[in-house]
>>> print(open('entry-v7.txt').read())   # compact mmCIF, C-alpha atoms
# COMPACT_ATOMS: atom_id res chain seq x y z
CA MET A 1 -42.91 72.20 40.43
CA LYS A 2 -42.69 68.43 40.78
CA ILE A 3 -43.22 67.99 37.03
CA LYS A 4 -40.47 70.53 36.30
CA ARG A 5 -38.03 68.66 38.55
CA ILE A 6 -38.90 65.38 36.84
CA LEU A 7 -38.37 66.90 33.39
CA LYS A 8 -35.10 68.50 34.52
CA TRP A 9 -33.73 65.25 35.95
CA SER A 10 -34.94 63.32 32.90
CA ALA A 11 -33.15 65.72 30.58
CA SER A 12 -29.98 65.46 32.68
CA VAL A 13 -30.09 61.66 32.62
CA ILE A 14 -30.64 61.60 28.84
CA PHE A 15 -27.79 64.05 28.29
CA ALA A 16 -25.45 62.06 30.53
CA GLY A 17 -26.45 58.89 28.71
CA LEU A 18 -25.69 60.41 25.34
CA VAL A 19 -22.30 61.63 26.55
CA PHE A 20 -21.50 58.17 27.93
CA VAL A 21 -22.59 56.36 24.75
CA THR A 22 -20.58 58.78 22.60
CA PHE A 23 -17.52 58.31 24.82
CA VAL A 24 -17.77 54.53 24.65
CA ALA A 25 -18.40 54.59 20.89
CA TYR A 26 -15.39 56.84 20.42
CA TRP A 27 -12.97 54.55 22.23
CA MET A 28 -14.44 51.36 20.80
CA SER A 29 -14.32 52.57 17.21
CA SER A 30 -11.33 50.88 15.65
CA ASN A 31 -10.21 48.85 12.64
CA ASP A 32 -8.28 45.70 11.83
CA CYS A 33 -4.90 47.36 11.30
CA ASP A 34 -3.36 46.03 14.51
CA HIS A 35 -4.40 42.40 14.09
CA ARG A 36 -4.24 41.57 10.41
CA PRO A 37 -2.96 38.06 9.76
CA THR A 38 0.14 37.55 7.66
CA PRO A 39 -1.19 37.05 4.11
CA THR A 40 -0.69 33.68 2.46
CA HIS A 41 -1.19 35.14 -1.03
CA PRO A 42 -0.17 38.79 -0.58
CA MET A 43 -1.08 41.74 -2.72
CA ASN A 44 -0.24 45.43 -2.31
CA THR A 45 -2.93 47.91 -1.36
CA ILE A 46 -3.15 51.48 -0.09
CA THR A 47 -4.40 51.73 3.49
CA HIS A 48 -4.94 54.39 6.15
CA CYS A 49 -5.23 53.19 9.73
CA GLU A 50 -5.56 56.68 11.23
CA TYR A 51 -7.24 59.92 10.24
CA GLY A 52 -5.01 62.59 8.75
CA GLY A 53 -3.68 64.04 5.53
CA PRO A 54 -2.14 62.08 2.65
CA GLU A 55 0.85 61.35 4.89
CA VAL A 56 -1.19 58.66 6.71
CA LEU A 57 -1.41 56.55 3.55
CA LYS A 58 0.88 53.57 3.23
CA VAL A 59 1.44 50.62 0.92
CA GLU A 60 0.61 47.44 2.81
CA GLN A 61 0.35 43.78 1.93
CA VAL A 62 -3.00 42.07 2.54
CA GLU A 63 -4.56 38.80 1.44
CA LYS A 64 -5.43 38.63 -2.26
CA PRO A 65 -9.23 38.37 -2.54
CA ILE A 66 -11.04 35.33 -3.92
CA PRO A 67 -14.23 35.94 -5.95
CA ASN A 68 -17.46 34.38 -4.75
CA ASP A 69 -19.96 32.77 -7.13
CA ASN A 70 -21.30 36.15 -8.33
CA GLN A 71 -18.07 38.13 -8.48
CA VAL A 72 -15.20 38.76 -10.83
CA LEU A 73 -11.59 39.17 -9.73
CA VAL A 74 -9.99 42.14 -11.48
CA ARG A 75 -6.27 42.75 -11.71
CA VAL A 76 -6.22 46.53 -11.39
CA ARG A 77 -4.13 48.39 -13.94
CA ALA A 78 -5.09 51.95 -13.04
CA ALA A 79 -7.21 53.89 -10.56
CA SER A 80 -8.08 57.55 -10.05
CA VAL A 81 -8.48 59.86 -7.07
CA ASN A 82 -11.66 61.72 -6.14
CA PRO A 83 -12.53 64.40 -3.54
CA LEU A 84 -14.26 61.64 -1.55
CA ASP A 85 -10.83 60.11 -0.92
CA LEU A 86 -9.94 63.19 1.13
CA THR A 87 -12.29 61.97 3.87
CA ILE A 88 -9.12 60.31 5.18
CA LYS A 89 -8.87 63.54 7.20
CA GLY A 90 -11.95 62.47 9.14
CA PRO A 91 -14.18 65.57 9.05
CA LEU A 92 -16.03 65.73 12.39
CA LEU A 93 -19.44 65.85 10.73
CA LEU A 94 -18.74 62.57 8.93
CA ARG A 95 -17.05 60.63 11.73
CA PRO A 96 -20.29 59.07 12.99
CA LEU A 97 -20.43 57.37 9.57
CA PHE A 98 -16.74 56.62 9.06
CA GLY A 99 -15.66 55.89 12.65
CA LEU A 100 -15.40 58.27 15.60
CA ARG A 101 -11.79 57.60 16.59
CA LYS A 102 -10.36 55.60 13.71
CA PRO A 103 -11.63 54.91 10.18
CA LYS A 104 -13.70 51.74 9.94
CA GLU A 105 -12.83 51.33 6.27
CA THR A 106 -9.06 51.37 5.86
CA ARG A 107 -8.96 50.77 2.11
CA LEU A 108 -9.07 53.70 -0.29
CA GLY A 109 -10.17 54.48 -3.84
CA VAL A 110 -13.27 53.78 -5.95
CA ASP A 111 -12.46 54.21 -9.67
CA TYR A 112 -10.54 51.41 -11.34
CA ALA A 113 -9.76 49.77 -14.68
CA GLY A 114 -8.10 46.43 -15.24
CA VAL A 115 -8.23 42.87 -16.54
CA VAL A 116 -10.52 40.10 -15.33
CA GLU A 117 -8.39 37.32 -13.85
CA ALA A 118 -11.10 34.96 -12.61
CA VAL A 119 -14.90 34.73 -12.45
CA GLY A 120 -17.37 33.06 -10.09
CA LYS A 121 -19.35 30.04 -11.29
CA ASN A 122 -22.58 32.08 -11.72
CA VAL A 123 -20.94 34.80 -13.84
CA THR A 124 -21.77 34.56 -17.54
CA ASN A 125 -21.22 38.12 -18.80
CA PHE A 126 -17.46 38.25 -18.17
CA ARG A 127 -14.54 35.90 -18.70
CA ALA A 128 -10.86 35.86 -17.85
CA GLY A 129 -8.94 38.31 -20.01
CA ASP A 130 -11.76 40.85 -20.42
CA GLU A 131 -10.68 44.47 -20.00
CA VAL A 132 -13.12 46.26 -17.68
CA PHE A 133 -13.64 49.41 -15.64
CA GLY A 134 -15.98 50.37 -12.82
CA GLY A 135 -16.37 51.55 -9.26
CA LYS A 136 -15.74 49.70 -6.00
CA THR A 137 -14.37 50.75 -2.60
CA GLY A 138 -10.74 49.68 -2.19
CA ALA A 139 -9.69 50.32 -5.78
CA PHE A 140 -6.15 51.37 -4.83
CA ALA A 141 -4.95 47.78 -4.84
CA GLU A 142 -3.42 45.23 -7.16
CA TYR A 143 -6.62 43.15 -7.16
CA ILE A 144 -10.26 43.79 -6.39
CA CYS A 145 -13.39 41.60 -6.32
CA VAL A 146 -16.59 43.13 -7.71
CA LEU A 147 -20.13 41.89 -8.26
CA ALA A 148 -20.60 41.09 -11.94
CA ASP A 149 -24.07 42.66 -12.10
CA ARG A 150 -23.07 45.98 -10.53
CA ALA A 151 -20.97 48.93 -11.68
CA VAL A 152 -18.51 47.08 -13.91
CA VAL A 153 -18.56 47.02 -17.73
CA LEU A 154 -16.25 46.21 -20.62
CA LYS A 155 -13.64 48.85 -21.40
CA PRO A 156 -13.87 50.28 -24.92
CA ALA A 157 -10.88 49.20 -27.00
CA ASN A 158 -10.16 52.78 -28.07
CA ILE A 159 -9.27 54.05 -24.60
CA THR A 160 -6.40 53.19 -22.26
CA PHE A 161 -6.66 51.75 -18.77
CA GLU A 162 -5.66 55.16 -17.36
CA GLN A 163 -8.43 56.88 -19.31
CA ALA A 164 -11.01 54.28 -18.26
CA ALA A 165 -10.00 54.61 -14.60
CA ALA A 166 -10.71 58.35 -14.81
CA VAL A 167 -14.35 57.78 -15.71
CA PRO A 168 -16.62 56.16 -13.08
CA VAL A 169 -17.31 58.65 -10.25
CA ALA A 170 -16.81 61.88 -12.20
CA ALA A 171 -18.60 60.87 -15.40
CA ILE A 172 -21.57 59.21 -13.71
CA THR A 173 -21.95 62.30 -11.52
CA ALA A 174 -22.07 64.49 -14.63
CA LEU A 175 -24.43 62.17 -16.52
CA GLN A 176 -26.99 61.79 -13.74
CA GLY A 177 -26.84 65.46 -12.79
CA LEU A 178 -27.47 66.70 -16.32
CA ARG A 179 -29.93 64.05 -17.45
CA ASP A 180 -31.90 63.12 -14.33
CA LYS A 181 -31.78 66.31 -12.26
CA GLY A 182 -31.26 68.94 -14.95
CA ARG A 183 -33.68 67.28 -17.41
CA ILE A 184 -31.36 68.30 -20.23
CA ARG A 185 -32.81 68.39 -23.74
CA ALA A 186 -31.43 69.05 -27.20
CA GLY A 187 -31.47 72.70 -28.18
CA GLN A 188 -31.13 74.05 -24.64
CA LYS A 189 -28.53 76.57 -23.51
CA VAL A 190 -26.41 75.05 -20.74
CA LEU A 191 -23.82 76.75 -18.54
CA ILE A 192 -21.24 74.67 -16.66
CA ASN A 193 -19.48 76.47 -13.82
CA GLY A 194 -16.24 74.64 -13.08
CA ALA A 195 -15.85 73.22 -16.57
CA SER A 196 -12.17 72.26 -16.34
CA GLY A 197 -12.29 69.90 -13.35
CA GLY A 198 -12.85 66.15 -13.17
CA VAL A 199 -16.65 66.29 -13.29
CA GLY A 200 -16.72 69.48 -15.34
CA THR A 201 -14.76 68.10 -18.31
CA PHE A 202 -17.19 65.19 -18.53
CA ALA A 203 -20.20 67.50 -18.11
CA VAL A 204 -19.12 69.67 -21.05
CA GLN A 205 -18.77 66.66 -23.34
CA ILE A 206 -21.94 64.89 -22.21
CA ALA A 207 -24.01 68.07 -22.54
CA LYS A 208 -22.60 68.62 -26.02
CA SER A 209 -23.30 65.01 -27.04
CA LEU A 210 -26.95 65.57 -26.09
CA GLY A 211 -27.32 68.41 -28.59
CA THR A 212 -27.13 71.47 -26.34
CA GLU A 213 -25.31 74.79 -26.67
CA VAL A 214 -22.65 74.66 -23.97
CA THR A 215 -20.96 77.54 -22.16
CA GLY A 216 -18.07 76.61 -19.89
CA VAL A 217 -16.72 78.74 -17.04
CA CYS A 218 -13.07 78.32 -16.02
CA SER A 219 -9.84 80.22 -15.34
CA THR A 220 -7.57 81.75 -17.99
CA ARG A 221 -5.17 78.81 -18.20
CA ASN A 222 -8.01 76.38 -18.90
CA VAL A 223 -9.88 78.30 -21.61
CA ASP A 224 -8.25 76.42 -24.50
CA LEU A 225 -8.82 73.07 -22.79
CA VAL A 226 -12.54 73.67 -22.26
CA ARG A 227 -12.94 74.85 -25.82
CA SER A 228 -11.05 71.80 -27.13
CA ILE A 229 -13.51 69.36 -25.50
CA GLY A 230 -16.51 70.92 -27.22
CA ALA A 231 -17.72 74.02 -25.37
CA ASP A 232 -19.38 76.48 -27.77
CA HIS A 233 -18.51 79.43 -25.53
CA VAL A 234 -15.96 79.81 -22.74
CA ILE A 235 -16.08 82.43 -19.99
CA ASP A 236 -12.88 83.29 -18.13
CA TYR A 237 -14.12 83.99 -14.60
CA THR A 238 -11.02 86.06 -13.82
CA LYS A 239 -12.16 88.57 -16.45
CA GLU A 240 -15.93 88.24 -16.53
CA ASP A 241 -18.72 87.48 -14.06
CA PHE A 242 -21.14 85.19 -15.88
CA THR A 243 -24.00 86.23 -13.61
CA ARG A 244 -23.82 89.78 -15.01
CA SER A 245 -24.33 88.66 -18.59
CA GLU A 246 -27.47 89.33 -20.61
CA GLN A 247 -27.48 85.68 -21.67
CA ARG A 248 -30.13 83.41 -20.16
CA TYR A 249 -29.75 79.67 -19.67
CA ASP A 250 -32.14 76.73 -19.45
CA LEU A 251 -29.74 74.81 -17.22
CA ILE A 252 -26.86 75.76 -14.95
CA TYR A 253 -24.66 72.89 -13.83
CA ASP A 254 -22.76 74.42 -10.92
CA LEU A 255 -19.68 72.69 -9.55
CA VAL A 256 -18.40 75.71 -7.64
CA GLY A 257 -21.27 77.33 -5.72
CA ASN A 258 -19.54 80.71 -5.58
CA HIS A 259 -22.58 82.80 -6.56
CA SER A 260 -25.72 83.61 -4.64
CA PHE A 261 -29.19 82.27 -5.27
CA SER A 262 -30.33 85.63 -6.68
CA GLU A 263 -27.33 85.98 -8.99
CA ARG A 264 -27.83 82.58 -10.56
CA ARG A 265 -31.58 82.96 -10.68
CA GLY A 266 -31.08 86.14 -12.66
CA ILE A 267 -29.53 84.29 -15.60
CA LEU A 268 -31.94 81.34 -15.59
CA ASN A 269 -34.94 81.20 -17.90
CA PRO A 270 -38.34 81.30 -16.12
CA ASN A 271 -38.49 77.50 -15.78
CA GLY A 272 -34.76 76.94 -15.69
CA ILE A 273 -32.93 74.53 -13.40
CA CYS A 274 -29.72 75.00 -11.44
CA VAL A 275 -28.13 71.67 -10.53
CA MET A 276 -25.82 72.18 -7.55
CA ALA A 277 -23.14 69.53 -8.04
CA GLY A 278 -20.19 70.81 -6.03
CA LEU A 279 -18.62 73.47 -3.85
CA GLY A 280 -15.39 74.15 -5.73
CA GLY A 281 -11.97 72.72 -5.03
CA ALA A 282 -11.48 69.38 -3.34
CA GLY A 283 -12.10 68.30 0.22
CA TRP A 284 -12.90 70.63 3.14
CA HIS A 285 -11.30 73.79 1.80
CA GLU A 286 -11.62 77.39 2.94
CA GLY A 287 -15.11 78.65 2.17
CA PHE A 288 -16.59 75.14 2.11
CA ALA A 289 -19.03 75.79 4.97
CA SER A 290 -20.29 79.13 3.65
CA ARG A 291 -20.84 77.70 0.17
CA LEU A 292 -22.67 74.72 1.63
CA LEU A 293 -25.01 77.04 3.53
CA GLY A 294 -25.48 79.08 0.36
CA GLU A 295 -26.53 76.02 -1.61
CA LEU A 296 -28.93 74.99 1.15
CA ASN A 297 -30.41 78.49 1.03
CA GLY A 298 -30.81 78.23 -2.74
CA TYR A 299 -32.50 74.85 -2.49
CA LEU A 300 -35.02 76.06 0.10
CA ARG A 301 -35.81 79.38 -1.57
CA SER A 302 -36.33 77.76 -4.96
CA ARG A 303 -39.21 75.74 -3.51
CA PHE A 304 -41.22 78.94 -3.91
CA THR A 305 -40.11 79.88 -7.44
CA SER A 306 -40.59 78.49 -10.93
CA GLN A 307 -36.81 78.10 -11.22
CA LYS A 308 -35.49 75.12 -9.30
CA PHE A 309 -32.19 74.61 -7.48
CA ILE A 310 -31.48 70.91 -7.05
CA ALA A 311 -28.82 68.94 -5.16
CA TYR A 312 -28.20 65.21 -5.50
CA ILE A 313 -25.89 62.28 -4.83
CA ALA A 314 -24.90 60.17 -7.83
CA GLN A 315 -25.48 56.42 -7.71
CA PHE A 316 -23.51 53.72 -9.50
CA ASN A 317 -25.44 51.38 -11.78
CA LYS A 318 -24.53 49.14 -14.68
CA ALA A 319 -26.87 50.82 -17.20
CA ASP A 320 -25.24 54.23 -16.83
CA MET A 321 -21.75 52.75 -16.88
CA SER A 322 -22.67 51.15 -20.21
CA ILE A 323 -23.89 54.50 -21.54
CA LEU A 324 -20.55 56.07 -20.62
CA ALA A 325 -18.70 53.21 -22.32
CA ASP A 326 -20.75 53.78 -25.49
CA LEU A 327 -20.02 57.53 -25.42
CA MET A 328 -16.31 56.82 -25.26
CA GLN A 329 -16.50 54.10 -27.90
CA SER A 330 -18.17 56.56 -30.27
CA GLY A 331 -15.60 59.26 -29.54
CA LYS A 332 -18.19 61.69 -28.10
CA VAL A 333 -16.49 61.65 -24.70
CA ARG A 334 -12.77 61.38 -23.98
CA PRO A 335 -11.41 61.50 -20.43
CA VAL A 336 -9.12 64.42 -19.67
CA ILE A 337 -6.14 63.42 -17.52
CA ASP A 338 -4.01 66.04 -15.83
CA ARG A 339 -1.34 63.86 -14.24
CA THR A 340 -0.57 60.19 -13.71
CA PHE A 341 1.23 59.04 -10.56
CA LYS A 342 2.87 55.74 -9.66
CA PHE A 343 1.13 53.42 -7.18
CA SER A 344 3.75 54.26 -4.55
CA GLU A 345 2.97 57.95 -5.13
CA THR A 346 -0.76 57.73 -4.29
CA ALA A 347 -0.29 60.17 -1.39
CA ASP A 348 1.26 62.68 -3.83
CA ALA A 349 -1.73 62.21 -6.14
CA LEU A 350 -4.07 63.17 -3.29
CA ARG A 351 -1.90 66.15 -2.37
CA TYR A 352 -2.12 67.38 -5.93
CA LEU A 353 -5.90 66.89 -6.02
CA GLU A 354 -6.15 68.78 -2.74
CA THR A 355 -4.69 71.92 -4.34
CA GLY A 356 -7.97 72.28 -6.25
CA HIS A 357 -6.22 73.11 -9.51
CA ALA A 358 -6.28 69.76 -11.30
CA ARG A 359 -7.45 69.92 -14.90
CA GLY A 360 -9.59 66.89 -15.53
CA LYS A 361 -8.68 63.78 -13.56
CA VAL A 362 -5.67 62.65 -11.53
CA VAL A 363 -4.78 58.99 -12.16
CA VAL A 364 -2.71 56.36 -10.36
CA ALA A 365 -1.01 53.67 -12.47
CA VAL A 366 -1.25 50.52 -10.35
CA GLN A 367 0.56 48.09 -12.66
>>> encode(input="entry-v7.txt", output="structure tokens")
Amino acid sequence: MKIKRILKWSASVIFAGLVFVTFVAYWMSSNDCDHRPTPTHPMNTITHCEYGGPEVLKVEQVEKPIPNDNQVLVRVRAASVNPLDLTIKGPLLLRPLFGLRKPKETRLGVDYAGVVEAVGKNVTNFRAGDEVFGGKTGAFAEYICVLADRAVVLKPANITFEQAAAVPVAAITALQGLRDKGRIRAGQKVLINGASGGVGTFAVQIAKSLGTEVTGVCSTRNVDLVRSIGADHVIDYTKEDFTRSEQRYDLIYDLVGNHSFSERRGILNPNGICVMAGLGGAGWHEGFASRLLGELNGYLRSRFTSQKFIAYIAQFNKADMSILADLMQSGKVRPVIDRTFKFSETADALRYLETGHARGKVVVAVQ
């Protein structure tokens, strides 16, 4: 009995401690919004000091950054929005990472394209005037400092700044998912579910450039678009369920997650791979949780089958950014842009992305 009482009191103390620590962490979590100094060399940037919808975004002046010895200073010409930007709403599951009460990181955006304005003394691969694109947190700003040896490369001359800004997150997600997780090879039959979205339009083109037979799945209004970017076959999901087809695929690249493990397994070849790259729409939409559980179920159950269901998180690196630049330079990949918004309309760009009906990418013209 004495041991039980000790365990009971110990559990109570631990629980109370956790509650206290969480409470303190909640109220201490803050950001620098209330005590930013007046900038000496101001630049405009998009910030969000509180959690909420796109309405919490505002244009604010902050100090223009100065590159260190290993950085380049880029004057941003265009940026693009991604579902990750919708974490401004502060989903409860992610708040331990982003800040319990207020967002730790108040700057927004990752994808950018622009012109190098200055370089650090150790930088030899870029010079002032170079047109570049890449990925870096805080891209919705007039200027951004980035490490020269990271995810920044020269922009191909045959694409615009808006097109280049549409590339980084979406295209690198498609490339790494197909190549590294899907083990794509020439001659394979590949199905892309969600072929008309930001990642999907890149996936169709990259898969086609690698010599595969591509089938894209999309809605009626996007059939012509998906066919125009290289899909050999297009399935209108409003008229046909691709999981009921007699066709079998070597690789399914699934950006929607709206079919069960068994349904997708039924159209995979014996050693086929299903790469689970998304849950449809943008942000925390209706059905998000059930689809997430469904993908987890698929991942676990495929551990016991010859067909594999794989999830992943894409990682920026210079080598893959260079591959994407080469694909665009050669004309094998061209970014699809749905709409372009002004810098002051960044909140509207996020609202449009949130509808889940964007075709290709949504871009913000910064300058």
>>> atom_distance(input="entry-v7.txt", atom1="atom CA of A:Cys218", atom2="atom CA of A:Glu246")
18.7 Å
>>> atom_distance(input="entry-v7.txt", atom1="atom CA of A:Arg359", atom2="atom CA of A:Ser196")
5.5 Å
>>> atom_distance(input="entry-v7.txt", atom1="atom CA of A:Val226", atom2="atom CA of A:Leu178")
17.5 Å
>>> closest_residue(input="entry-v7.txt", among="A:Ala365, A:Met321, A:Val123, A:Val190", to="A:Val234", atoms="all atoms listed in the file")
A:Val190
>>> closest_residue(input="entry-v7.txt", among="A:Asp149, A:Pro39, A:Thr238, A:Lys104", to="A:Thr124", atoms="all atoms listed in the file")
A:Asp149
>>> closest_residue(input="entry-v7.txt", among="A:Leu100, A:Val204, A:Leu84, A:Leu251", to="A:Gly278", atoms="all atoms listed in the file")
A:Leu84
>>> closest_residue(input="entry-v7.txt", among="A:Asn70, A:Asn82, A:Gln61, A:Ser228", to="A:Thr173", atoms="all atoms listed in the file")
A:Asn82
>>> residues_around(input="entry-v7.txt", residues="A:Thr87", least_positions_apart="3", cutoff="10 Å", atoms="all atoms listed in the file", output="list in words")
Tyr51, Gly52, Gly53, Pro83, Leu84, Gly90, Pro91, Leu94, Arg95, Phe98, Pro103, Leu108, Gly283 and Trp284 of chain A
>>> residues_around(input="entry-v7.txt", residues="A:Gly257", least_positions_apart="3", cutoff="12 Å", atoms="all atoms listed in the file", output="PyMOL selection string")
chain A and resi 192-194+252-254+260-261+263-264+274-281+287-299+309+311
>>> closest_residue(input="entry-v7.txt", among="A:Ala157, A:Ala347, A:Ile66, A:Ile229", to="A:Glu131", atoms="all atoms listed in the file")
A:Ala157
>>> closest_residue(input="entry-v7.txt", among="A:Lys89, A:Arg77, A:Arg183, A:Arg150", to="A:Ser322", atoms="all atoms listed in the file")
A:Arg150
